[in-house]
Every structure is written in structure tokens, then in C-alpha cells.
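Q: work12.pdb (PDB, C-alpha atoms, pLDDT in the B column) pasted underneath:
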```
ATOM      1  CA  MET A  20       7.113 -45.828   0.414  1.00 71.00           C
ATOM      2  CA  THR A  21       8.505 -45.064   3.839  1.00 79.00           C
ATOM      3  CA  ILE A  22       9.202 -41.476   4.824  1.00 81.00           C
ATOM      4  CA  ARG A  23      12.126 -40.968   7.161  1.00 80.00           C
ATOM      5  CA  PHE A  24      13.065 -37.877   9.109  1.00 74.00           C
ATOM      6  CA  ALA A  25      16.672 -37.107   9.938  1.00 71.00           C
ATOM      7  CA  ALA A  26      17.013 -34.355  12.539  1.00 67.00           C
ATOM      8  CA  ALA A  27      19.871 -31.890  12.371  1.00 61.00           C
ATOM      9  CA  PRO A  28      22.850 -32.973  14.452  1.00 66.00           C
ATOM     10  CA  GLN A  29      22.876 -29.673  16.360  1.00 69.00           C
ATOM     11  CA  LEU A  30      19.519 -28.012  16.742  1.00 62.00           C
ATOM     12  CA  ARG A  31      20.970 -24.484  16.970  1.00 65.00           C
ATOM     13  CA  HIS A  32      22.463 -24.732  13.481  1.00 66.00           C
ATOM     14  CA  SER A  33      19.511 -26.248  11.656  1.00 69.00           C
ATOM     15  CA  HIS A  34      17.769 -24.329   8.884  1.00 70.00           C
ATOM     16  CA  VAL A  35      14.462 -24.530  10.698  1.00 70.00           C
ATOM     17  CA  ALA A  36      15.923 -23.083  13.906  1.00 70.00           C
ATOM     18  CA  ARG A  37      17.435 -20.148  12.007  1.00 70.00           C
ATOM     19  CA  VAL A  38      14.156 -19.369  10.273  1.00 69.00           C
ATOM     20  CA  LEU A  39      12.120 -19.637  13.459  1.00 71.00           C
ATOM     21  CA  SER A  40      14.538 -17.467  15.434  1.00 70.00           C
ATOM     22  CA  TRP A  41      14.622 -14.634  12.864  1.00 67.00           C
ATOM     23  CA  ASN A  42      12.746 -11.626  14.202  1.00 69.00           C
ATOM     24  CA  GLY A  43      12.190 -10.023  10.825  1.00 67.00           C
ATOM     25  CA  PRO A  44      12.143  -6.317  10.088  1.00 63.00           C
ATOM     26  CA  GLN A  45      11.585  -4.112  13.103  1.00 61.00           C
ATOM     27  CA  ALA A  46       9.726  -1.325  11.290  1.00 63.00           C
ATOM     28  CA  ALA A  47       7.573  -1.186   8.199  1.00 60.00           C
ATOM     29  CA  ALA A  48       9.260   0.030   5.053  1.00 58.00           C
ATOM     30  CA  ASN A  49       7.213   2.736   3.389  1.00 57.00           C
ATOM     31  CA  ASP A  50       8.012   4.644   0.227  1.00 57.00           C
ATOM     32  CA  ASN A  51       5.697   7.501   1.198  1.00 57.00           C
ATOM     33  CA  PRO A  52       7.716   9.423   3.804  1.00 57.00           C
ATOM     34  CA  GLY A  53       6.112  12.122   5.883  1.00 57.00           C
ATOM     35  CA  GLN A  54       2.767  10.465   6.516  1.00 54.00           C
ATOM     36  CA  HIS A  55       1.828  10.264  10.176  1.00 50.00           C
ATOM     37  CA  ASP A  56       0.301   6.935  11.149  1.00 53.00           C
ATOM     38  CA  PRO A  57      -1.089   6.142   7.678  1.00 51.00           C
ATOM     39  CA  LEU A  58      -2.727   2.866   8.711  1.00 52.00           C
ATOM     40  CA  SER A  59      -5.327   4.582  10.863  1.00 57.00           C
ATOM     41  CA  SER A  60      -6.504   6.991   8.211  1.00 77.00           C
ATOM     42  CA  ARG A  61      -9.814   6.754   6.424  1.00 85.00           C
ATOM     43  CA  ALA A  62      -8.078   7.224   3.076  1.00 84.00           C
ATOM     44  CA  VAL A  63      -6.198   3.944   3.526  1.00 88.00           C
ATOM     45  CA  ARG A  64      -9.407   2.016   4.181  1.00 89.00           C
ATOM     46  CA  GLU A  65     -11.041   3.597   1.135  1.00 92.00           C
ATOM     47  CA  ALA A  66      -7.930   2.958  -0.964  1.00 93.00           C
ATOM     48  CA  LEU A  67      -7.941  -0.711   0.024  1.00 93.00           C
ATOM     49  CA  ALA A  68     -11.598  -1.015  -0.926  1.00 95.00           C
ATOM     50  CA  HIS A  69     -10.837   0.712  -4.246  1.00 95.00           C
ATOM     51  CA  PHE A  70      -7.882  -1.647  -4.782  1.00 95.00           C
ATOM     52  CA  ALA A  71     -10.134  -4.645  -4.108  1.00 95.00           C
ATOM     53  CA  ILE A  72     -12.340  -3.551  -6.998  1.00 95.00           C
ATOM     54  CA  HIS A  73      -9.726  -2.402  -9.530  1.00 94.00           C
ATOM     55  CA  GLY A  74      -6.627  -4.389  -8.627  1.00 94.00           C
ATOM     56  CA  MET A  75      -3.307  -3.202 -10.031  1.00 94.00           C
ATOM     57  CA  ARG A  76      -4.910  -0.390 -12.020  1.00 95.00           C
ATOM     58  CA  ALA A  77      -6.488   1.133  -8.891  1.00 96.00           C
ATOM     59  CA  ALA A  78      -4.108   4.114  -8.733  1.00 95.00           C
ATOM     60  CA  SER A  79      -4.674   5.079 -12.360  1.00 95.00           C
ATOM     61  CA  GLU A  80      -8.442   4.647 -11.899  1.00 96.00           C
ATOM     62  CA  ALA A  81      -8.313   6.932  -8.841  1.00 95.00           C
ATOM     63  CA  ARG A  82      -6.357   9.485 -10.890  1.00 95.00           C
ATOM     64  CA  ARG A  83      -8.922   9.276 -13.677  1.00 96.00           C
ATOM     65  CA  ALA A  84     -11.759   9.736 -11.168  1.00 96.00           C
ATOM     66  CA  ALA A  85      -9.945  12.756  -9.689  1.00 94.00           C
ATOM     67  CA  LEU A  86      -9.587  14.327 -13.120  1.00 95.00           C
ATOM     68  CA  ASP A  87     -13.257  13.610 -13.880  1.00 96.00           C
ATOM     69  CA  ALA A  88     -14.289  15.228 -10.588  1.00 95.00           C
ATOM     70  CA  ARG A  89     -12.149  18.269 -11.372  1.00 93.00           C
ATOM     71  CA  ALA A  90     -13.614  18.557 -14.853  1.00 94.00           C
ATOM     72  CA  SER A  91     -17.138  18.443 -13.445  1.00 96.00           C
ATOM     73  CA  GLY A  92     -16.332  21.173 -10.889  1.00 94.00           C
ATOM     74  CA  ASP A  93     -16.409  18.976  -7.778  1.00 94.00           C
ATOM     75  CA  PRO A  94     -13.472  20.075  -5.580  1.00 92.00           C
ATOM     76  CA  ALA A  95     -14.449  17.794  -2.673  1.00 93.00           C
ATOM     77  CA  GLY A  96     -14.606  14.781  -4.979  1.00 94.00           C
ATOM     78  CA  PHE A  97     -11.306  15.787  -6.524  1.00 93.00           C
ATOM     79  CA  ARG A  98      -9.595  15.951  -3.114  1.00 90.00           C
ATOM     80  CA  HIS A  99     -11.171  12.611  -2.151  1.00 92.00           C
ATOM     81  CA  TRP A 100      -9.801  10.829  -5.216  1.00 93.00           C
ATOM     82  CA  VAL A 101      -6.403  12.508  -4.938  1.00 91.00           C
ATOM     83  CA  SER A 102      -6.104  11.253  -1.354  1.00 90.00           C
ATOM     84  CA  ILE A 103      -6.923   7.708  -2.486  1.00 92.00           C
ATOM     85  CA  CYS A 104      -4.468   8.019  -5.365  1.00 92.00           C
ATOM     86  CA  ARG A 105      -1.828   9.338  -2.937  1.00 89.00           C
ATOM     87  CA  VAL A 106      -2.176   6.241  -0.732  1.00 90.00           C
ATOM     88  CA  LEU A 107      -1.867   3.908  -3.714  1.00 92.00           C
ATOM     89  CA  ASP A 108       0.831   5.742  -5.700  1.00 91.00           C
ATOM     90  CA  ASP A 109       2.359   8.888  -4.253  1.00 87.00           C
ATOM     91  CA  ARG A 110       4.205   9.819  -7.446  1.00 89.00           C
ATOM     92  CA  LEU A 111       1.071   9.561  -9.571  1.00 90.00           C
ATOM     93  CA  ALA A 112      -0.790  11.758  -7.078  1.00 89.00           C
ATOM     94  CA  ASN A 113       2.041  14.306  -7.138  1.00 88.00           C
ATOM     95  CA  ASP A 114       1.384  14.723 -10.864  1.00 87.00           C
ATOM     96  CA  LEU A 115      -2.061  15.996  -9.834  1.00 84.00           C
ATOM     97  CA  ALA A 116      -0.626  18.395  -7.216  1.00 64.00           C
ATOM     98  CA  PRO A 117      -0.470  21.472  -9.482  1.00 62.00           C
ATOM     99  CA  GLN A 118      -4.113  20.855 -10.319  1.00 56.00           C
ATOM    100  CA  GLU A 119      -5.070  20.238  -6.687  1.00 53.00           C
ATOM    101  CA  ALA A 120      -6.337  23.783  -6.209  1.00 45.00           C
ATOM    102  CA  CYS A 121      -9.737  23.540  -7.894  1.00 40.00           C
TER     103      CYS A 121
END
```
What is this structure when it is put down as C-alpha cells?

A:
Amino acid sequence: MTIRFAAAPQLRHSHVARVLSWNGPQAAANDNPGQHDPLSSRAVREALAHFAIHGMRAASEARRAALDARASGDPAGFRHWVSICRVLDDRLANDLAPQEAC
């Protein structure tokens, strides 16, 4: 079977030209406003590693780990897991906010 290619009559109006000329979004859309340069933080790297292990349930696992750390009297561990939970799901981490003062 022979494959034939028919080029667009005007290159400027072809679908390929429009897709290749699109610049895309100029800034990242983030649903966690107020964070300053979140991509450089250590919490993001740790949250990505946690997400690699737990997948879509990573935020709830981080919340569970934060509650376990709080129950065992480990305020540093609690803050660590809350920060990871905050990167993954800000609303879920805000549920922990009243408990954040260990």
C-alpha cells in the first residue's frame, strides 16, 4: 500500500503550523497560592519521592503519618509530614492546621 502526503496549500494555515507556533501557557498554574518558589524547596523533592512510592494515595498517607507522629509525641516528624502533605494536597493539610501546634 502506498502512503501519500498532501501538504497544506498554505503553510501558515496548516494544523501543524498552528500547533508548532503556539507558545503555551506563560506561567505555571498552581492551586496553592502564597508559596514562594515551591519548586526549589526540599519539601517538594520529598513529596515527589513519597508520591513515587504511594501514588495517588500519597497525600492521605502523608496525613496518616503526620497523625501517627503527633500521637507518638514527635513534633518534628509531625511538621515534616504536614509539609509533605501540604505540597501534595493543601486542603488536606489545612485540616491538620488546628493540630499543627504539638

Q: Using CA of Arg61 in chain A and CA of Ser102 in chain A as the two end points, give the distance in Å to one decimal.

A: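 For CA of Arg61 in chain A relative to CA of Ser102 in chain A, the distance reads 9.7 Å.
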
Q: Hey, can you check how far CA of Phe70 in chain A sits from CA of Asp93 in chain A?

A: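 Taking CA of Phe70 in chain A as the start and CA of Asp93 in chain A as the end point, the length is 22.5 Å.
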
Q: How many Å separate CA of Leu86 in chain A from CA of Trp100 in chain A?

A: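 One can read the CA of Leu86 in chain A to CA of Trp100 in chain A distance as 8.6 Å.
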
Q: Compute the distance from (-13.1, 7.1, 3.0) to each atom, counting only C-alpha atoms, keep the residues with any atom at most 12 Å away, and return them as a list of chain:residue names; use the coordinates of the file.

A: A:Ser59, A:Ser60, A:Arg61, A:Ala62, A:Val63, A:Arg64, A:Glu65, A:Ala66, A:Leu67, A:Ala68, A:His69, A:Gly96, A:Arg98, A:His99, A:Trp100, A:Val101, A:Ser102, A:Ile103, A:Val106

Q: Can you work out which one of A:Met20, A:Leu107, A:Leu115, A:Ala90 has the shortest atom-to-atom distance to Gly74 in chain A, counting only C-alpha atoms?

A: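 Selected residue with least distance to Gly74 in chain A: A:Leu107.
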
Q: Need the shell around Arg83 in chain A: protein/DNA/RNA residues with any atom at most 10 Å away, counting only C-alpha atoms. Skip same-chain ones fewer than 5 positions apart. Format as a PDB file with C-alpha atoms, keeping the file's coordinate frame?

A:
```pdb
ATOM      1  CA  ALA A  77      -6.488   1.133  -8.891  1.00 96.00           C
ATOM      2  CA  ALA A  78      -4.108   4.114  -8.733  1.00 95.00           C
ATOM      3  CA  ALA A  88     -14.289  15.228 -10.588  1.00 95.00           C
ATOM      4  CA  ARG A  89     -12.149  18.269 -11.372  1.00 93.00           C
ATOM      5  CA  PHE A  97     -11.306  15.787  -6.524  1.00 93.00           C
ATOM      6  CA  TRP A 100      -9.801  10.829  -5.216  1.00 93.00           C
ATOM      7  CA  VAL A 101      -6.403  12.508  -4.938  1.00 91.00           C
ATOM      8  CA  CYS A 104      -4.468   8.019  -5.365  1.00 92.00           C
TER       9      CYS A 104
END
```

Q: Of the residues A:Ala84, A:Ala36, A:Ser79, A:Ser91, which is the one nearest to Asp109 in chain A, using only C-alpha atoms?

A: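 Of A:Ala84, A:Ala36, A:Ser79, A:Ser91, the one nearest Asp109 in chain A is A:Ser79, counting only C-alpha atoms.
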